[in-house]
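Colleague: Here you go, protein.txt (compact mmCIF, N, CA and C atoms):
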```txt
# COMPACT_ATOMS: atom_id res chain seq x y z
N MET A 111 -81.08 74.84 -98.48
CA MET A 111 -80.61 76.03 -97.81
C MET A 111 -81.59 76.36 -96.70
N THR A 112 -81.06 76.71 -95.58
CA THR A 112 -81.91 77.01 -94.43
C THR A 112 -82.40 78.45 -94.52
N GLY A 113 -83.38 78.77 -93.72
CA GLY A 113 -83.93 80.12 -93.69
C GLY A 113 -82.90 81.14 -93.27
N ASN A 114 -82.02 80.75 -92.35
CA ASN A 114 -80.98 81.65 -91.87
C ASN A 114 -79.98 81.96 -92.98
N GLU A 115 -79.63 80.95 -93.79
CA GLU A 115 -78.68 81.14 -94.89
C GLU A 115 -79.28 82.06 -95.96
N ARG A 116 -80.60 81.84 -96.22
CA ARG A 116 -81.27 82.71 -97.21
C ARG A 116 -81.28 84.16 -96.75
N GLY A 117 -81.52 84.40 -95.49
CA GLY A 117 -81.52 85.76 -94.93
C GLY A 117 -80.15 86.40 -95.06
N CYS A 118 -79.09 85.63 -94.79
CA CYS A 118 -77.72 86.13 -94.94
C CYS A 118 -77.42 86.49 -96.39
N MET A 119 -77.88 85.62 -97.30
CA MET A 119 -77.63 85.86 -98.72
C MET A 119 -78.36 87.13 -99.18
N ARG A 120 -79.61 87.32 -98.74
CA ARG A 120 -80.37 88.52 -99.12
C ARG A 120 -79.67 89.79 -98.64
N ARG A 121 -79.21 89.76 -97.36
CA ARG A 121 -78.51 90.94 -96.82
C ARG A 121 -77.23 91.22 -97.61
N SER A 122 -76.55 90.17 -97.99
CA SER A 122 -75.31 90.32 -98.77
C SER A 122 -75.61 90.93 -100.14
N ILE A 123 -76.67 90.46 -100.78
CA ILE A 123 -77.06 91.00 -102.10
C ILE A 123 -77.48 92.48 -101.94
N ARG A 124 -78.24 92.79 -100.90
CA ARG A 124 -78.66 94.18 -100.67
C ARG A 124 -77.45 95.09 -100.48
N ARG A 125 -76.50 94.63 -99.64
CA ARG A 125 -75.29 95.43 -99.41
C ARG A 125 -74.54 95.67 -100.72
N SER A 126 -74.43 94.63 -101.52
CA SER A 126 -73.75 94.75 -102.82
C SER A 126 -74.46 95.75 -103.72
N LEU A 127 -75.80 95.69 -103.76
CA LEU A 127 -76.58 96.64 -104.57
C LEU A 127 -76.41 98.07 -104.08
N VAL A 128 -76.48 98.27 -102.75
CA VAL A 128 -76.32 99.60 -102.18
C VAL A 128 -74.93 100.15 -102.52
N MET A 129 -73.90 99.32 -102.39
CA MET A 129 -72.54 99.76 -102.70
C MET A 129 -72.41 100.09 -104.18
N ALA A 130 -73.02 99.29 -105.05
CA ALA A 130 -72.94 99.54 -106.50
C ALA A 130 -73.66 100.84 -106.84
N LEU A 131 -74.83 101.06 -106.26
CA LEU A 131 -75.56 102.31 -106.53
C LEU A 131 -74.80 103.53 -106.00
N THR A 132 -74.21 103.42 -104.86
CA THR A 132 -73.41 104.51 -104.30
C THR A 132 -72.24 104.83 -105.21
N ALA A 133 -71.55 103.79 -105.67
CA ALA A 133 -70.41 104.00 -106.57
C ALA A 133 -70.87 104.64 -107.88
N ALA A 134 -71.99 104.19 -108.41
CA ALA A 134 -72.50 104.76 -109.67
C ALA A 134 -72.87 106.23 -109.47
N THR A 135 -73.49 106.56 -108.35
CA THR A 135 -73.86 107.95 -108.06
C THR A 135 -72.62 108.83 -107.97
N LEU A 136 -71.60 108.35 -107.29
CA LEU A 136 -70.36 109.13 -107.18
C LEU A 136 -69.71 109.31 -108.54
N LEU A 137 -69.74 108.28 -109.36
CA LEU A 137 -69.14 108.36 -110.69
C LEU A 137 -69.87 109.39 -111.55
N VAL A 138 -71.20 109.35 -111.55
CA VAL A 138 -71.99 110.30 -112.34
C VAL A 138 -71.74 111.72 -111.85
N THR A 139 -71.70 111.91 -110.54
CA THR A 139 -71.46 113.24 -109.98
C THR A 139 -70.09 113.76 -110.40
N ALA A 140 -69.10 112.89 -110.44
CA ALA A 140 -67.74 113.32 -110.80
C ALA A 140 -67.61 113.61 -112.28
N VAL A 141 -68.37 112.91 -113.12
CA VAL A 141 -68.24 113.04 -114.58
C VAL A 141 -69.06 114.21 -115.12
N VAL A 142 -70.26 114.43 -114.59
CA VAL A 142 -71.14 115.48 -115.11
C VAL A 142 -70.65 116.83 -114.62
N PRO A 143 -70.27 117.74 -115.54
CA PRO A 143 -69.80 119.06 -115.11
C PRO A 143 -70.95 119.91 -114.59
N ALA A 144 -70.59 120.85 -113.76
CA ALA A 144 -71.59 121.78 -113.23
C ALA A 144 -72.12 122.63 -114.37
N GLN A 145 -73.39 122.94 -114.32
CA GLN A 145 -73.99 123.79 -115.34
C GLN A 145 -73.36 125.17 -115.26
N ALA A 146 -72.99 125.72 -116.41
CA ALA A 146 -72.40 127.06 -116.43
C ALA A 146 -73.49 128.09 -116.14
N LYS A 147 -73.14 129.08 -115.35
CA LYS A 147 -74.07 130.16 -115.04
C LYS A 147 -74.25 130.99 -116.30
N ALA A 148 -75.48 131.37 -116.59
CA ALA A 148 -75.75 132.17 -117.79
C ALA A 148 -74.95 133.47 -117.71
N GLU A 149 -74.29 133.77 -118.81
CA GLU A 149 -73.45 134.97 -118.84
C GLU A 149 -74.33 136.21 -118.91
N ALA A 150 -74.07 137.14 -118.04
CA ALA A 150 -74.83 138.39 -118.02
C ALA A 150 -74.43 139.22 -119.23
N THR A 151 -75.38 139.95 -119.79
CA THR A 151 -75.09 140.83 -120.90
C THR A 151 -75.14 142.27 -120.39
N PRO A 152 -74.37 143.14 -121.01
CA PRO A 152 -74.37 144.54 -120.55
C PRO A 152 -75.76 145.16 -120.60
N TYR A 153 -76.19 145.68 -119.48
CA TYR A 153 -77.46 146.41 -119.38
C TYR A 153 -78.66 145.58 -119.85
N ASN A 154 -78.55 144.26 -119.75
CA ASN A 154 -79.61 143.34 -120.17
C ASN A 154 -79.96 143.48 -121.65
N CYS A 155 -78.99 143.89 -122.43
CA CYS A 155 -79.16 143.97 -123.88
C CYS A 155 -78.56 142.68 -124.46
N PRO A 156 -79.38 141.85 -125.11
CA PRO A 156 -78.88 140.57 -125.61
C PRO A 156 -77.71 140.74 -126.58
N SER A 157 -76.82 139.77 -126.57
CA SER A 157 -75.68 139.78 -127.49
C SER A 157 -76.20 139.77 -128.92
N GLY A 158 -75.64 140.63 -129.75
CA GLY A 158 -76.05 140.71 -131.15
C GLY A 158 -77.17 141.71 -131.40
N ALA A 159 -77.57 142.44 -130.38
CA ALA A 159 -78.71 143.36 -130.51
C ALA A 159 -78.30 144.81 -130.29
N VAL A 160 -79.17 145.71 -130.72
CA VAL A 160 -79.11 147.13 -130.36
C VAL A 160 -80.35 147.38 -129.52
N CYS A 161 -80.16 148.05 -128.38
CA CYS A 161 -81.26 148.23 -127.42
C CYS A 161 -81.51 149.70 -127.13
N LEU A 162 -82.78 150.04 -127.00
CA LEU A 162 -83.20 151.37 -126.60
C LEU A 162 -83.90 151.24 -125.25
N TYR A 163 -83.63 152.18 -124.36
CA TYR A 163 -84.17 152.13 -123.00
C TYR A 163 -85.20 153.24 -122.80
N ALA A 164 -85.97 153.13 -121.76
CA ALA A 164 -87.06 154.06 -121.47
C ALA A 164 -86.54 155.49 -121.31
N GLU A 165 -87.40 156.43 -121.62
CA GLU A 165 -87.08 157.85 -121.51
C GLU A 165 -86.57 158.18 -120.11
N GLY A 166 -85.42 158.85 -120.07
CA GLY A 166 -84.86 159.32 -118.81
C GLY A 166 -84.21 158.25 -117.94
N GLU A 167 -84.26 157.00 -118.35
CA GLU A 167 -83.69 155.92 -117.53
C GLU A 167 -82.18 155.82 -117.75
N HIS A 168 -81.45 155.91 -116.67
CA HIS A 168 -80.00 155.70 -116.75
C HIS A 168 -79.76 154.21 -116.66
N VAL A 169 -79.05 153.65 -117.63
CA VAL A 169 -78.88 152.21 -117.69
C VAL A 169 -77.99 151.69 -116.56
N SER A 170 -78.35 150.50 -116.09
CA SER A 170 -77.60 149.82 -115.04
C SER A 170 -77.82 148.33 -115.22
N SER A 171 -77.32 147.55 -114.28
CA SER A 171 -77.47 146.10 -114.37
C SER A 171 -78.93 145.65 -114.23
N THR A 172 -79.81 146.52 -113.77
CA THR A 172 -81.23 146.15 -113.62
C THR A 172 -82.11 146.74 -114.71
N SER A 173 -81.53 147.47 -115.64
CA SER A 173 -82.31 148.10 -116.71
C SER A 173 -82.90 147.05 -117.64
N ARG A 174 -84.04 147.38 -118.22
CA ARG A 174 -84.68 146.52 -119.22
C ARG A 174 -84.95 147.37 -120.46
N PRO A 175 -84.46 146.94 -121.62
CA PRO A 175 -84.71 147.72 -122.84
C PRO A 175 -86.19 147.73 -123.21
N THR A 176 -86.63 148.83 -123.80
CA THR A 176 -88.00 148.92 -124.30
C THR A 176 -88.07 148.47 -125.76
N HIS A 177 -86.96 148.55 -126.47
CA HIS A 177 -86.87 148.11 -127.86
C HIS A 177 -85.57 147.31 -128.02
N ILE A 178 -85.65 146.19 -128.74
CA ILE A 178 -84.49 145.35 -129.02
C ILE A 178 -84.53 145.01 -130.51
N TRP A 179 -83.44 145.35 -131.21
CA TRP A 179 -83.36 145.06 -132.64
C TRP A 179 -82.18 144.14 -132.92
N TYR A 180 -82.41 143.12 -133.75
CA TYR A 180 -81.36 142.18 -134.14
C TYR A 180 -81.03 142.27 -135.63
N SER A 181 -82.01 142.59 -136.45
CA SER A 181 -81.82 142.50 -137.90
C SER A 181 -81.26 143.79 -138.49
N TYR A 182 -80.46 143.61 -139.54
CA TYR A 182 -79.90 144.77 -140.24
C TYR A 182 -81.01 145.47 -141.01
N GLY A 183 -80.84 146.79 -141.17
CA GLY A 183 -81.82 147.60 -141.87
C GLY A 183 -82.39 148.65 -140.93
N ALA A 184 -83.38 149.38 -141.45
CA ALA A 184 -83.99 150.48 -140.70
C ALA A 184 -85.13 149.96 -139.82
N HIS A 185 -85.19 150.51 -138.62
CA HIS A 185 -86.26 150.19 -137.66
C HIS A 185 -86.91 151.50 -137.26
N ASN A 186 -88.17 151.68 -137.66
CA ASN A 186 -88.88 152.93 -137.42
C ASN A 186 -89.35 153.04 -135.97
N LEU A 187 -89.36 154.28 -135.48
CA LEU A 187 -89.78 154.58 -134.12
C LEU A 187 -91.00 155.48 -134.14
N SER A 188 -91.76 155.45 -133.07
CA SER A 188 -92.81 156.45 -132.87
C SER A 188 -93.00 156.62 -131.37
N GLY A 189 -93.32 157.83 -130.97
CA GLY A 189 -93.59 158.11 -129.57
C GLY A 189 -92.36 158.09 -128.67
N GLN A 190 -91.18 158.29 -129.23
CA GLN A 190 -89.96 158.32 -128.41
C GLN A 190 -89.49 159.77 -128.33
N TYR A 191 -89.57 160.34 -127.14
CA TYR A 191 -89.22 161.75 -126.94
C TYR A 191 -88.20 161.89 -125.82
N ASN A 192 -87.52 163.02 -125.84
CA ASN A 192 -86.56 163.37 -124.81
C ASN A 192 -85.38 162.41 -124.79
N TYR A 193 -84.67 162.37 -123.68
CA TYR A 193 -83.41 161.62 -123.63
C TYR A 193 -83.60 160.15 -123.27
N HIS A 194 -82.90 159.31 -124.03
CA HIS A 194 -82.89 157.86 -123.83
C HIS A 194 -81.45 157.38 -123.99
N TRP A 195 -81.16 156.21 -123.41
CA TRP A 195 -79.91 155.50 -123.71
C TRP A 195 -80.18 154.54 -124.85
N ILE A 196 -79.23 154.46 -125.76
CA ILE A 196 -79.24 153.44 -126.81
C ILE A 196 -77.89 152.74 -126.72
N TYR A 197 -77.90 151.42 -126.82
CA TYR A 197 -76.67 150.65 -126.65
C TYR A 197 -76.53 149.64 -127.79
N ASN A 198 -75.35 149.63 -128.42
CA ASN A 198 -75.05 148.70 -129.51
C ASN A 198 -74.29 147.50 -128.92
N ASN A 199 -74.98 146.38 -128.75
CA ASN A 199 -74.36 145.17 -128.24
C ASN A 199 -74.19 144.12 -129.34
N GLN A 200 -74.04 144.59 -130.58
CA GLN A 200 -73.75 143.67 -131.67
C GLN A 200 -72.30 143.21 -131.54
N TYR A 201 -71.98 142.07 -132.14
CA TYR A 201 -70.62 141.57 -132.09
C TYR A 201 -69.98 141.71 -133.47
N GLY A 202 -68.68 141.76 -133.48
CA GLY A 202 -67.96 142.01 -134.73
C GLY A 202 -67.63 143.49 -134.82
N TRP A 203 -66.41 143.79 -135.18
CA TRP A 203 -65.95 145.18 -135.20
C TRP A 203 -66.74 146.06 -136.17
N ASN A 204 -67.42 145.46 -137.14
CA ASN A 204 -68.08 146.25 -138.18
C ASN A 204 -69.61 146.24 -138.09
N ALA A 205 -70.17 145.81 -136.98
CA ALA A 205 -71.63 145.79 -136.80
C ALA A 205 -72.05 147.11 -136.15
N ASN A 206 -72.51 148.02 -136.96
CA ASN A 206 -72.76 149.39 -136.52
C ASN A 206 -74.24 149.75 -136.49
N ALA A 207 -74.50 150.91 -135.92
CA ALA A 207 -75.85 151.46 -135.88
C ALA A 207 -75.77 152.98 -136.02
N VAL A 208 -76.81 153.57 -136.57
CA VAL A 208 -76.96 155.03 -136.62
C VAL A 208 -78.41 155.37 -136.31
N THR A 209 -78.63 156.56 -135.79
CA THR A 209 -79.98 157.07 -135.58
C THR A 209 -80.23 158.12 -136.65
N CYS A 210 -81.46 158.14 -137.18
CA CYS A 210 -81.80 159.04 -138.28
C CYS A 210 -83.08 159.80 -137.99
N THR A 211 -83.16 161.04 -138.52
CA THR A 211 -84.33 161.88 -138.28
C THR A 211 -85.53 161.46 -139.12
N GLY A 212 -85.31 160.80 -140.24
CA GLY A 212 -86.42 160.36 -141.09
C GLY A 212 -86.74 158.89 -140.86
N TYR A 213 -87.92 158.50 -141.34
CA TYR A 213 -88.29 157.09 -141.29
C TYR A 213 -87.46 156.31 -142.31
N ASN A 214 -87.30 155.03 -142.08
CA ASN A 214 -86.60 154.13 -142.99
C ASN A 214 -85.14 154.53 -143.24
N GLY A 215 -84.52 155.13 -142.25
CA GLY A 215 -83.11 155.47 -142.37
C GLY A 215 -82.82 156.68 -143.23
N THR A 216 -83.79 157.54 -143.42
CA THR A 216 -83.59 158.74 -144.25
C THR A 216 -83.38 159.95 -143.35
N GLY A 217 -83.21 161.11 -143.97
CA GLY A 217 -82.99 162.34 -143.22
C GLY A 217 -81.55 162.42 -142.75
N SER A 218 -81.34 163.17 -141.72
CA SER A 218 -80.00 163.33 -141.16
C SER A 218 -79.71 162.17 -140.21
N CYS A 219 -78.58 161.50 -140.45
CA CYS A 219 -78.20 160.37 -139.59
C CYS A 219 -76.96 160.75 -138.79
N ASP A 220 -76.98 160.42 -137.49
CA ASP A 220 -75.87 160.75 -136.59
C ASP A 220 -74.63 159.94 -136.89
N SER A 221 -73.62 160.20 -136.11
CA SER A 221 -72.35 159.49 -136.21
C SER A 221 -72.55 157.99 -136.02
N VAL A 222 -71.58 157.23 -136.46
CA VAL A 222 -71.62 155.78 -136.34
C VAL A 222 -71.51 155.35 -134.89
N MET A 223 -72.38 154.45 -134.47
CA MET A 223 -72.31 153.84 -133.15
C MET A 223 -71.67 152.46 -133.33
N TRP A 224 -70.43 152.34 -132.88
CA TRP A 224 -69.69 151.10 -133.01
C TRP A 224 -70.15 150.09 -131.97
N PRO A 225 -69.82 148.81 -132.15
CA PRO A 225 -70.21 147.80 -131.16
C PRO A 225 -69.69 148.14 -129.75
N GLN A 226 -70.52 147.83 -128.79
CA GLN A 226 -70.28 148.06 -127.37
C GLN A 226 -70.20 149.55 -127.01
N GLU A 227 -70.83 150.37 -127.84
CA GLU A 227 -70.95 151.80 -127.55
C GLU A 227 -72.37 152.10 -127.12
N GLY A 228 -72.51 153.03 -126.20
CA GLY A 228 -73.83 153.48 -125.78
C GLY A 228 -73.88 155.00 -125.79
N TRP A 229 -75.03 155.54 -126.15
CA TRP A 229 -75.19 156.99 -126.20
C TRP A 229 -76.40 157.41 -125.39
N TRP A 230 -76.28 158.55 -124.71
CA TRP A 230 -77.38 159.24 -124.04
C TRP A 230 -77.76 160.37 -124.98
N MET A 231 -78.94 160.30 -125.59
CA MET A 231 -79.26 161.30 -126.61
C MET A 231 -80.75 161.62 -126.64
N ASP A 232 -81.04 162.78 -127.24
CA ASP A 232 -82.42 163.24 -127.38
C ASP A 232 -83.06 162.52 -128.57
N PHE A 233 -84.11 161.75 -128.31
CA PHE A 233 -84.79 161.00 -129.36
C PHE A 233 -85.99 161.76 -129.94
N THR A 234 -86.24 162.99 -129.50
CA THR A 234 -87.38 163.74 -130.04
C THR A 234 -87.30 163.86 -131.57
N PRO A 235 -86.13 164.19 -132.16
CA PRO A 235 -86.10 164.28 -133.62
C PRO A 235 -85.82 162.94 -134.34
N ILE A 236 -85.62 161.87 -133.60
CA ILE A 236 -85.22 160.59 -134.20
C ILE A 236 -86.45 159.77 -134.58
N ASN A 237 -86.46 159.28 -135.82
CA ASN A 237 -87.58 158.46 -136.30
C ASN A 237 -87.16 157.06 -136.75
N SER A 238 -85.87 156.78 -136.79
CA SER A 238 -85.45 155.41 -137.12
C SER A 238 -84.05 155.14 -136.60
N VAL A 239 -83.79 153.86 -136.39
CA VAL A 239 -82.47 153.35 -136.02
C VAL A 239 -82.09 152.35 -137.09
N VAL A 240 -80.88 152.50 -137.63
CA VAL A 240 -80.43 151.62 -138.72
C VAL A 240 -79.26 150.77 -138.23
N LEU A 241 -79.38 149.46 -138.39
CA LEU A 241 -78.30 148.53 -138.08
C LEU A 241 -77.69 148.10 -139.41
N TYR A 242 -76.37 148.09 -139.49
CA TYR A 242 -75.72 147.71 -140.74
C TYR A 242 -74.31 147.21 -140.48
N LEU A 243 -73.77 146.53 -141.47
CA LEU A 243 -72.37 146.08 -141.44
C LEU A 243 -71.53 147.07 -142.22
N TYR A 244 -70.51 147.60 -141.57
CA TYR A 244 -69.57 148.49 -142.24
C TYR A 244 -68.67 147.64 -143.13
N SER A 245 -68.50 148.09 -144.35
CA SER A 245 -67.65 147.37 -145.28
C SER A 245 -66.61 148.33 -145.83
N PRO A 246 -65.34 148.18 -145.39
CA PRO A 246 -64.29 149.08 -145.89
C PRO A 246 -64.20 149.01 -147.41
N GLY A 247 -64.05 150.14 -148.02
CA GLY A 247 -63.96 150.18 -149.48
C GLY A 247 -65.32 150.10 -150.15
N GLY A 248 -66.39 150.07 -149.36
CA GLY A 248 -67.74 150.10 -149.92
C GLY A 248 -68.20 148.79 -150.51
N GLY A 249 -67.45 147.69 -150.41
CA GLY A 249 -67.83 146.45 -151.06
C GLY A 249 -68.46 145.46 -150.24
```
What do you get writing this file as C-alpha cells?
Modeller:
Amino acid sequence: MTGNERGCMRRSIRRSLVMALTAATLLVTAVVPAQAKAEATPYNCPSGAVCLYAEGEHVSSTSRPTHIWYSYGAHNLSGQYNYHWIYNNQYGWNANAVTCTGYNGTGSCDSVMWPQEGWWMDFTPINSVVLYLYSPGGG
C-alpha cells in the first residue's frame, strides 16, 4: 500500500468515527429525558412538615421557616412571642396539628389545623405544637 492510500484510509476511518460519535451523541440526547425542575413547596415548608415562621413575618415564596417539624407528637417551644405564621404542609387528609399552652401538648389546645392550612396567631401563650394523625372513631 502506498503512502497516499494509507492517508486516504486514515481519513476514511476518522470520518467514520466522527459520524459514529455524532450519531451516538444524538441518540443519547434524544433518549435521556430532561431533569425535572424541583417542585416548589408552599412557603418553603417541606412536604410532610409543619413549619413556624419568624415573629411578624408574613409568609411568601421567599419566606424561610424558623422551625420545621416532621415527627408526630409534641414539640416544645421557647422564646416564641407575638404573632407568627404556622403552616401545616403534611400530606394525607388526617395529618393534623394543634398548638397548646402547656409543654408536651398539655394545657389548652387550639382548634385542629388540617393539612395545607396556615394560621396567623399569637404565640405568646403557646408552649408546644402537636402533630398527630386523626383517626375517626378513635381507633
Colleague: Report as a count of residues only all protein, DNA and RNA residues lying within 12 Å of His185 of chain A, evaluated on only C-alpha atoms, omitting residues in the same chain fewer than 2 positions from it.
Modeller: 29
Colleague: Any idea what's packed within 8 Å of Gln200 of chain A, counting all atoms listed in the file, ignoring anything in its chain fewer than 3 positions away? Could you give it as a PyMOL selection string?
Modeller: chain A and resi 155-161+197+203-206+224-227
Colleague: Kindly give the distance, in Å, that separates atom CA of Ser221 of chain A and atom N of Asn198 of chain A, rounded to a single decimal.
Modeller: 12.9 Å
Colleague: Name the residues of segment 154-242 of chain A that fall into strand (DSSP E or B) according to DSSP on the backbone, using the chain letters and numbers of this document, as a PyMOL selection string.
Modeller: chain A and resi 159-162+177-179+183-186+193-199+205-210+219+223+227-232+238-242
Colleague: Figure out the distance between atom CA of His194 of chain A and atom CA of Thr234 of chain A, please, to one decimal in Å.
Modeller: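 Going from atom CA of Thr234 of chain A over to atom CA of His194 of chain A, I get 9.7 Å.
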Colleague: Between atom CA of Gly202 of chain A and atom CA of Glu167 of chain A, what is the distance in Å, rounded to a tenth?
Modeller: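 Separating atom CA of Gly202 of chain A from atom CA of Glu167 of chain A is a distance of 27.1 Å.
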